[in-house]
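Step one of this worksheet: look at the structure below.
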Number of protein chains: 2
Amino acid sequence: MNTCDKCCSCNHKYCASKVSLFSTLADKDLEKVVNLVTHKTFEKGDIIFSEGETFDKLYIINTGSIKVYKFTKDGKEQILYILKEGEFLGDLNLLKKDIFKFSANALEPTSICVIQKSDFDSLIKTNPEISIKVLEYAHDRISSLEDLIQTLTTKDVEVRLATLLLNLSKAFGVKTSKGIEISLPLTREDMANFIGVTRETVSRKLSAFQSQNIIDIIESRTILIKDINTLRELSDT
Amino acid sequence: MNTCDKCCSCNHKYCASKVSLFSTLADKDLEKVVNLVTHKTFEKGDIIFSEGETFDKLYIINTGSIKVYKFTKDGKEQILYILKEGEFLGDLNLLKKDIFKFSANALEPTSICVIQKSDFDSLIKTNPEISIKVLEYAHDRISSLEDLIQTLTTKDVEVRLATLLLNLSKAFGVKTSKGIEISLPLTREDMANFIGVTRETVSRKLSAFQSQNIIDIIESRTILIKDINTLRELSDT
DNA sequence: CGAACATTTGACGGGCTTCAAAAGTCGTGG
DNA sequence: CCACGACTTTTGAAGCCCGTCAAATGTTCG
């Protein structure tokens with residue numbers, strides 16, 4: 001975990017402009033943002049923050065991806081969000097500081113831009129249109145949580161896994177002539193911790209999908225979706 | 001489902017002032033709000049809105065309570081929120097209209113104040129401090145969903161039910177000399193659909209809690225919590 | 001009072017978890 | 001560059017808990 005190396009050459013212009021939150025800003029305002037940004041890099045598995053810490057920063061993923069998770073009451077990890085390049089995580093509480101109610105780890109080598117909450121707050125005062133973007137962000141987070149609840153409460157595990165694969169294909173998939181190829185930053189256990197089952201169950205169900213010719217497990221972290229229609233039928237929505 | 005009866009005598013002053021969203025408004029602004037409000041009453045079981053409808057209104061619970069739910073992919077009802085007197089449900093998307101991604105029913109005779117989204121939007125323009133309240137509301141909704149996910153993904157059903165009972169005691173409980181008495185607007189099936197199990201399982205686990213002297217089922221909809229500490233130990237957090 | 005609905009309780013079966021072990025993959029250092 | 005150890009993935013077998021089905025008892029409300 002080092003402070004500043006990859007991104008410093010661009011003087012943060014890159015990471016600040018990448019996030020939609022700042023997309024409405026004029027160049028000179030963007031420059032102001034850039035001056036507020038500090039930079040950190042994380043190795044795979046590094047803890048970015050932990051539940052209970054004071055939530056006084058805003059995290060923008062520059063490269064890489066992270067998992068944001070909470071522990072269930074019987075001690076298992078439940079993933080809430082997977083965030084990748086261009087996405088960010090911040091608190092909505094513009095007034096008082098809060099504490100993190102979840103933890104986050106890097107899934108791969110990841111560089112993150114950090115803005116102090118206090119700096120962000122004063123930024124909003126001079127650029128109030130950002131608060132609309134913050135509301136859009138809140139809306140997206142609520143939608144993603146409501147969708148996750150729908151998935152988690154669906155009893156049929158094959159349906160849950162099909163839904164996960166479809167979501168992952170949107171975020172990490174690349175179209176090829178043979179189908180959609182997904183390079184996963186997630187382990188089987190991560191996938192399991194996202195849909196609320198054990199790693200063994202994920203492994204078994206993926207094997208089942210493979211023998212039904214729905215997917216092809218090229219390598220354990222590279223999955224080819226051969227028959228997206230069957231996945232969609234399973235997941236419907 | 002009638003339009004306007006109970007509340008009209010107060011000219012909506014009561015319901016508008018009850019919701020925290022408008023707590024910062026001066027009296028004359030509150031009066032403006034009041035003029036924008038229409039009123040509806042629902043009987044137990046009535047549908048308030050359904051998934052897929054256009055989301056162009058803001059709903060404030062005046063009296064009674066409602067359940068907000070989504071269907072899982074295998075057709076079961078999953079409750080997302082229970083809302084009661086003074087709480088409200090609205091869309092966060094201030095710009096474009098959206099559609100409801102969930103449905104809502106009245107749990108008991110319920111009166112609801114309705115504000116058109118377009119009216120609310122212009123209200124925000126003249127009273128921008130309301131947007132901060134909207135963000136607080138978004139924050140609460142996100143927190144409640146993240147907590148619900150934690151509960152739903154905890155495998156131990158007794159822990160899930162203990163957590164539900166504690167939450168219900170906060171919302172509907174009244175302290176008595178014997179413990180906390182909860183008058184539930186929820187059926188066993190509603191409770192089951194909140195924590196993702198069947199009604200039979202809820203029934204069985206409640207009986208088990210009763211024989212462990214943790215609760216007392218006075219009537220099926222009236223539960224006395226005799227030993228809140230054991231419930232807290234189960235639910236920890 | 002009676003019909004519709006809600007709750008409780010029992011018995012059984014299935015699917016996921018758990019435990020276990022083997023095979024595969026990754027990264028580091030000699 | 002390869003070898004070794006740590007970690008990840010796969011697969012098997014057994015057990016348990018919840019869901020399903022069913023029936024009896026309670027409750028509510030016209």
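Just so we're on the same page: first chain in the structure tokens is A, next is B, and so on; residues restart at 1 for each chain, and ligands are numbered from 1 in the order they show up.
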Only residues of chain A matter here; which ones have an atom within 9 Å of chain D, counting only C-alpha atoms (C1' of nucleotides)? Give them as a PDB file with N, CA and C atoms, in the first residue's frame.
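Final output, iface27.pdb:
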ATOM      1  N   THR A 187     -12.799 -14.670  -6.852  1.00  0.00           N
ATOM      2  CA  THR A 187     -12.614 -16.105  -6.630  1.00  0.00           C
ATOM      3  C   THR A 187     -13.988 -16.766  -6.541  1.00  0.00           C
ATOM      4  N   ARG A 188     -14.001 -18.090  -6.541  1.00  0.00           N
ATOM      5  CA  ARG A 188     -15.264 -18.808  -6.341  1.00  0.00           C
ATOM      6  C   ARG A 188     -15.887 -18.412  -5.005  1.00  0.00           C
ATOM      7  N   ARG A 199     -18.657 -21.825  -1.364  1.00  0.00           N
ATOM      8  CA  ARG A 199     -17.817 -21.941  -2.565  1.00  0.00           C
ATOM      9  C   ARG A 199     -18.037 -23.284  -3.258  1.00  0.00           C
ATOM     10  N   GLU A 200     -18.266 -24.331  -2.470  1.00  0.00           N
ATOM     11  CA  GLU A 200     -18.498 -25.656  -3.059  1.00  0.00           C
ATOM     12  C   GLU A 200     -19.745 -25.655  -3.949  1.00  0.00           C
ATOM     13  N   SER A 203     -19.034 -23.917  -7.213  1.00  0.00           N
ATOM     14  CA  SER A 203     -18.222 -24.794  -8.052  1.00  0.00           C
ATOM     15  C   SER A 203     -19.083 -25.875  -8.704  1.00  0.00           C
ATOM     16  N   ARG A 204     -19.927 -26.508  -7.909  1.00  0.00           N
ATOM     17  CA  ARG A 204     -20.804 -27.562  -8.431  1.00  0.00           C
ATOM     18  C   ARG A 204     -21.757 -27.032  -9.489  1.00  0.00           C
ATOM     19  N   SER A 207     -20.043 -26.236 -12.765  1.00  0.00           N
ATOM     20  CA  SER A 207     -19.794 -27.480 -13.497  1.00  0.00           C
ATOM     21  C   SER A 207     -21.063 -27.955 -14.185  1.00  0.00           C
ATOM     22  N   SER A 220     -10.116 -21.243 -14.507  1.00  0.00           N
ATOM     23  CA  SER A 220     -11.063 -21.055 -13.406  1.00  0.00           C
ATOM     24  C   SER A 220     -11.535 -19.603 -13.316  1.00  0.00           C
TER      25      SER A 220
END
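Here is the contact set of chain C against chain B, at 8 Å and counting only C-alpha atoms (C1' of nucleotides): DA6, DT7 and DT8 of chain C.
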Could you work out which residues of chain A fall inside 9 Å of chain B? Count only C-alpha atoms, and format the result as a ChimeraX atom specification. /A:70-76,78,80,91-95,101,131-132,134-136,138-139,141-143,145-146,148-156,159-160,195-197,234-237
Kindly save the residues from that selection, with N, CA and C atoms included, as a CSV table (one decimal), in the first residue's frame.
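Listing of out-v9.csv after writing:
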chain,number,residue,atom,x,y,z
A,70,LYS,N,-19.9,-6.8,4.2
A,70,LYS,CA,-20.3,-6.8,5.5
A,70,LYS,C,-20.2,-8.2,6.0
A,71,PHE,N,-20.1,-8.4,7.3
A,71,PHE,CA,-20.2,-9.8,7.8
A,71,PHE,C,-21.6,-10.1,8.3
A,72,THR,N,-22.1,-11.3,7.9
A,72,THR,CA,-23.4,-11.7,8.4
A,72,THR,C,-23.2,-12.0,9.9
A,73,LYS,N,-24.4,-12.2,10.6
A,73,LYS,CA,-24.3,-12.4,12.0
A,73,LYS,C,-23.7,-13.7,12.4
A,74,ASP,N,-23.6,-14.7,11.4
A,74,ASP,CA,-22.9,-15.9,11.8
A,74,ASP,C,-21.5,-15.9,11.2
A,75,GLY,N,-21.0,-14.7,10.9
A,75,GLY,CA,-19.5,-14.5,10.6
A,75,GLY,C,-19.1,-14.7,9.2
A,76,LYS,N,-20.0,-14.9,8.3
A,76,LYS,CA,-19.6,-15.1,6.9
A,76,LYS,C,-19.6,-13.7,6.2
A,78,GLN,N,-20.5,-11.2,3.4
A,78,GLN,CA,-21.5,-10.9,2.4
A,78,GLN,C,-21.1,-9.7,1.6
A,80,LEU,N,-21.6,-6.7,-0.8
A,80,LEU,CA,-22.7,-5.8,-1.2
A,80,LEU,C,-22.5,-5.2,-2.5
A,91,ASP,N,-19.9,8.6,1.3
A,91,ASP,CA,-21.0,8.6,2.3
A,91,ASP,C,-22.0,9.7,1.8
A,92,LEU,N,-23.3,9.5,2.1
A,92,LEU,CA,-24.3,10.4,1.6
A,92,LEU,C,-24.6,11.5,2.6
A,93,ASN,N,-24.1,11.2,3.8
A,93,ASN,CA,-24.4,12.1,4.9
A,93,ASN,C,-23.5,13.4,4.7
A,94,LEU,N,-24.1,14.4,4.1
A,94,LEU,CA,-23.2,15.6,3.9
A,94,LEU,C,-23.0,16.4,5.1
A,95,LEU,N,-23.8,16.2,6.1
A,95,LEU,CA,-23.7,17.0,7.3
A,95,LEU,C,-22.7,16.4,8.3
A,101,LYS,N,-20.0,1.1,7.7
A,101,LYS,CA,-20.8,0.0,8.2
A,101,LYS,C,-20.4,-1.2,7.4
A,131,SER,N,-24.6,18.0,-6.1
A,131,SER,CA,-25.5,17.3,-5.2
A,131,SER,C,-26.5,16.5,-5.9
A,132,ILE,N,-26.9,17.0,-7.1
A,132,ILE,CA,-27.8,16.2,-8.0
A,132,ILE,C,-27.1,14.9,-8.4
A,134,VAL,N,-24.9,13.4,-6.7
A,134,VAL,CA,-24.9,12.6,-5.5
A,134,VAL,C,-26.2,11.8,-5.3
A,135,LEU,N,-27.3,12.5,-5.6
A,135,LEU,CA,-28.6,11.9,-5.5
A,135,LEU,C,-28.7,10.7,-6.5
A,136,GLU,N,-28.2,11.0,-7.7
A,136,GLU,CA,-28.2,9.9,-8.7
A,136,GLU,C,-27.4,8.7,-8.2
A,138,ALA,N,-26.9,7.9,-5.1
A,138,ALA,CA,-27.8,7.3,-4.1
A,138,ALA,C,-28.8,6.4,-4.7
A,139,HIS,N,-29.4,6.9,-5.7
A,139,HIS,CA,-30.5,6.1,-6.4
A,139,HIS,C,-29.9,4.8,-7.0
A,141,ARG,N,-27.3,3.2,-5.9
A,141,ARG,CA,-26.9,2.3,-4.8
A,141,ARG,C,-28.2,1.6,-4.2
A,142,ILE,N,-29.3,2.3,-4.1
A,142,ILE,CA,-30.5,1.7,-3.6
A,142,ILE,C,-31.0,0.7,-4.6
A,143,SER,N,-31.0,1.0,-5.9
A,143,SER,CA,-31.4,0.0,-6.9
A,143,SER,C,-30.6,-1.2,-6.8
A,145,LEU,N,-29.0,-2.5,-4.4
A,145,LEU,CA,-29.2,-3.2,-3.2
A,145,LEU,C,-30.6,-3.9,-3.3
A,146,GLU,N,-31.6,-3.2,-3.8
A,146,GLU,CA,-32.9,-3.9,-4.0
A,146,GLU,C,-32.8,-5.1,-4.9
A,148,LEU,N,-30.1,-6.9,-5.4
A,148,LEU,CA,-29.3,-7.9,-4.7
A,148,LEU,C,-30.3,-8.6,-3.7
A,149,ILE,N,-31.1,-7.9,-3.0
A,149,ILE,CA,-32.1,-8.6,-2.1
A,149,ILE,C,-33.0,-9.5,-2.9
A,150,GLN,N,-33.4,-9.1,-4.1
A,150,GLN,CA,-34.2,-10.0,-4.9
A,150,GLN,C,-33.5,-11.3,-5.3
A,151,THR,N,-32.2,-11.1,-5.6
A,151,THR,CA,-31.4,-12.3,-5.9
A,151,THR,C,-31.2,-13.2,-4.7
A,152,LEU,N,-30.9,-12.6,-3.6
A,152,LEU,CA,-30.5,-13.4,-2.4
A,152,LEU,C,-31.7,-14.1,-1.8
A,153,THR,N,-32.9,-13.6,-2.1
A,153,THR,CA,-34.1,-14.2,-1.5
A,153,THR,C,-34.7,-15.2,-2.4
A,154,THR,N,-34.2,-15.3,-3.6
A,154,THR,CA,-34.7,-16.3,-4.5
A,154,THR,C,-34.1,-17.7,-4.1
A,155,LYS,N,-34.9,-18.6,-3.8
A,155,LYS,CA,-34.4,-19.9,-3.2
A,155,LYS,C,-33.6,-20.7,-4.2
A,156,ASP,N,-34.0,-20.7,-5.4
A,156,ASP,CA,-33.3,-21.6,-6.4
A,156,ASP,C,-31.9,-21.0,-6.7
A,159,VAL,N,-30.8,-20.1,-10.2
A,159,VAL,CA,-31.3,-18.7,-10.6
A,159,VAL,C,-30.4,-17.6,-10.1
A,160,ARG,N,-30.0,-17.8,-8.8
A,160,ARG,CA,-29.1,-16.8,-8.2
A,160,ARG,C,-27.8,-16.7,-9.0
A,195,ILE,N,-23.7,-14.2,-3.6
A,195,ILE,CA,-25.0,-14.7,-3.8
A,195,ILE,C,-25.4,-15.6,-2.6
A,196,GLY,N,-24.6,-15.6,-1.5
A,196,GLY,CA,-25.0,-16.2,-0.2
A,196,GLY,C,-25.1,-17.7,-0.2
A,197,VAL,N,-24.1,-18.3,-0.8
A,197,VAL,CA,-23.9,-19.8,-0.7
A,197,VAL,C,-22.5,-20.1,-0.4
A,234,LEU,N,-33.4,-18.4,-17.1
A,234,LEU,CA,-33.3,-18.8,-15.6
A,234,LEU,C,-33.5,-17.6,-14.8
A,235,SER,N,-32.8,-16.5,-15.2
A,235,SER,CA,-32.8,-15.3,-14.3
A,235,SER,C,-34.1,-14.4,-14.6
A,236,ASP,N,-34.8,-14.7,-15.7
A,236,ASP,CA,-35.9,-13.8,-16.2
A,236,ASP,C,-35.7,-12.4,-15.8
A,237,THR,N,-36.6,-11.9,-14.9
A,237,THR,CA,-36.7,-10.4,-14.6
A,237,THR,C,-37.3,-9.7,-15.7
Can you list, as a list in words, every protein, DNA or RNA residue that comes within 9 Å of range 14-31 of chain A when you count only C-alpha atoms (C1' of nucleotides), leaving out same-chain residues fewer than 4 positions away?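 Near range 14-31 of chain A, the qualifying residues are Cys7, Cys10, Asn35, Leu36, Val37, Ile60, Ile61, Asn62, Thr63, Glu85, Gly86, Glu87, Phe88, Ile112, Cys113, Asn127, Glu129, Ile130, Ser131, Lys133, Val134 and Tyr137 of chain A.
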Those residues you just picked out, can you put them in a file as a tab-separated table (two decimals), in the first residue's frame with N, CA and C atoms?
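out02.tsv, written as the output of this step:
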chain	number	residue	atom	x	y	z
A	7	CYS	N	-0.38	7.16	-10.86
A	7	CYS	CA	-1.28	8.20	-11.37
A	7	CYS	C	-0.65	9.59	-11.33
A	10	CYS	N	-0.05	11.94	-14.34
A	10	CYS	CA	-1.15	12.66	-14.99
A	10	CYS	C	-1.70	13.75	-14.07
A	35	ASN	N	-6.50	19.14	-7.19
A	35	ASN	CA	-5.60	19.53	-6.11
A	35	ASN	C	-6.01	18.97	-4.76
A	36	LEU	N	-7.26	18.52	-4.66
A	36	LEU	CA	-7.73	17.98	-3.40
A	36	LEU	C	-7.47	16.48	-3.28
A	37	VAL	N	-7.13	15.87	-4.42
A	37	VAL	CA	-7.04	14.42	-4.48
A	37	VAL	C	-5.69	13.92	-4.00
A	60	ILE	N	-12.44	6.97	-5.05
A	60	ILE	CA	-12.71	6.82	-6.48
A	60	ILE	C	-11.77	5.76	-7.04
A	61	ILE	N	-12.33	4.72	-7.66
A	61	ILE	CA	-11.48	3.67	-8.22
A	61	ILE	C	-10.89	4.17	-9.53
A	62	ASN	N	-9.59	4.19	-9.57
A	62	ASN	CA	-8.89	4.66	-10.78
A	62	ASN	C	-8.61	3.49	-11.71
A	63	THR	N	-7.91	2.48	-11.22
A	63	THR	CA	-7.77	1.22	-11.96
A	63	THR	C	-7.96	0.08	-10.97
A	85	GLU	N	-13.13	0.44	-12.07
A	85	GLU	CA	-12.69	1.68	-12.69
A	85	GLU	C	-13.82	2.70	-12.94
A	86	GLY	N	-13.67	3.90	-12.40
A	86	GLY	CA	-14.62	4.97	-12.66
A	86	GLY	C	-15.74	5.06	-11.63
A	87	GLU	N	-15.93	3.98	-10.86
A	87	GLU	CA	-16.97	4.03	-9.84
A	87	GLU	C	-16.38	4.58	-8.55
A	88	PHE	N	-17.26	4.99	-7.65
A	88	PHE	CA	-16.73	5.53	-6.41
A	88	PHE	C	-17.62	5.15	-5.25
A	112	ILE	N	-6.45	4.02	-6.25
A	112	ILE	CA	-7.64	4.72	-5.78
A	112	ILE	C	-7.31	6.18	-5.49
A	113	CYS	N	-8.21	7.07	-5.92
A	113	CYS	CA	-8.08	8.48	-5.58
A	113	CYS	C	-8.93	8.77	-4.36
A	127	ASN	N	-20.20	24.28	-6.05
A	127	ASN	CA	-20.78	23.66	-7.24
A	127	ASN	C	-22.00	22.82	-6.86
A	129	GLU	N	-24.53	21.84	-8.25
A	129	GLU	CA	-25.07	20.85	-9.19
A	129	GLU	C	-24.52	19.46	-8.91
A	130	ILE	N	-23.41	19.39	-8.17
A	130	ILE	CA	-22.86	18.08	-7.82
A	130	ILE	C	-23.82	17.31	-6.93
A	131	SER	N	-24.59	18.04	-6.11
A	131	SER	CA	-25.49	17.34	-5.19
A	131	SER	C	-26.54	16.53	-5.95
A	133	LYS	N	-25.86	14.99	-8.71
A	133	LYS	CA	-25.11	13.78	-9.05
A	133	LYS	C	-25.04	12.83	-7.86
A	134	VAL	N	-24.91	13.41	-6.68
A	134	VAL	CA	-24.85	12.58	-5.47
A	134	VAL	C	-26.17	11.84	-5.29
A	137	TYR	N	-26.29	8.99	-7.59
A	137	TYR	CA	-25.47	7.93	-7.03
A	137	TYR	C	-26.25	7.17	-5.96
Can you check which residues of range 48-198 of chain A DSSP gives as strand (DSSP E) on the backbone and send them as a ChimeraX atom specification? /A:48-49,54-55,57-63,65-71,77-84,88-89,98-99,103-106,110-116,173-176,179-183
How would the residues just chosen look if you wrote them out with C-alpha atoms as a CSV table (one decimal), in the first residue's frame?
chain,number,residue,atom,x,y,z
A,48,ILE,CA,-8.9,-0.5,1.9
A,49,PHE,CA,-11.0,0.3,4.9
A,54,THR,CA,-14.5,7.0,10.5
A,55,PHE,CA,-16.0,7.7,7.1
A,57,LYS,CA,-13.1,10.2,2.8
A,58,LEU,CA,-14.5,9.6,-0.7
A,59,TYR,CA,-12.9,6.8,-2.7
A,60,ILE,CA,-12.7,6.8,-6.5
A,61,ILE,CA,-11.5,3.7,-8.2
A,62,ASN,CA,-8.9,4.7,-10.8
A,63,THR,CA,-7.8,1.2,-12.0
A,65,SER,CA,-11.6,-3.3,-8.6
A,66,ILE,CA,-12.7,-3.7,-5.0
A,67,LYS,CA,-15.3,-5.7,-3.1
A,68,VAL,CA,-17.3,-4.0,-0.4
A,69,TYR,CA,-18.7,-6.4,2.2
A,70,LYS,CA,-20.3,-6.8,5.5
A,71,PHE,CA,-20.2,-9.8,7.8
A,77,GLU,CA,-18.6,-12.4,4.4
A,78,GLN,CA,-21.5,-10.9,2.4
A,79,ILE,CA,-20.5,-8.8,-0.6
A,80,LEU,CA,-22.7,-5.8,-1.2
A,81,TYR,CA,-21.0,-4.1,-4.1
A,82,ILE,CA,-18.2,-4.8,-6.6
A,83,LEU,CA,-16.7,-1.5,-7.8
A,84,LYS,CA,-14.4,-1.0,-10.7
A,88,PHE,CA,-16.7,5.5,-6.4
A,89,LEU,CA,-17.8,5.0,-2.9
A,98,ASP,CA,-20.4,8.7,10.1
A,99,ILE,CA,-18.6,5.4,10.5
A,103,SER,CA,-15.3,-3.1,4.8
A,104,ALA,CA,-13.5,-3.1,1.5
A,105,ASN,CA,-10.6,-5.1,0.0
A,106,ALA,CA,-8.8,-4.8,-3.3
A,110,THR,CA,-5.9,-1.3,-7.6
A,111,SER,CA,-5.2,2.5,-7.5
A,112,ILE,CA,-7.6,4.7,-5.8
A,113,CYS,CA,-8.1,8.5,-5.6
A,114,VAL,CA,-9.1,9.8,-2.2
A,115,ILE,CA,-10.8,13.1,-1.4
A,116,GLN,CA,-11.4,14.3,2.1
A,173,GLY,CA,-17.6,-9.3,-20.2
A,174,VAL,CA,-16.1,-9.0,-23.6
A,175,LYS,CA,-17.9,-10.1,-26.7
A,176,THR,CA,-16.1,-12.6,-28.8
A,179,GLY,CA,-19.9,-15.8,-26.8
A,180,ILE,CA,-19.2,-13.4,-24.0
A,181,GLU,CA,-15.9,-14.0,-22.2
A,182,ILE,CA,-15.6,-12.9,-18.6
A,183,SER,CA,-12.3,-12.4,-16.9
DSSP on the backbone, helix (DSSP H, G or I) only: what residues of range 89-157 of chain A does that give? Format it as a PyMOL selection string. chain A and resi 117-126+129-152+157
Mind giving me the straight-line distance from CA of Asn167 in chain A to CA of Glu233 in chain A in Å, one decimal? 14.1 Å
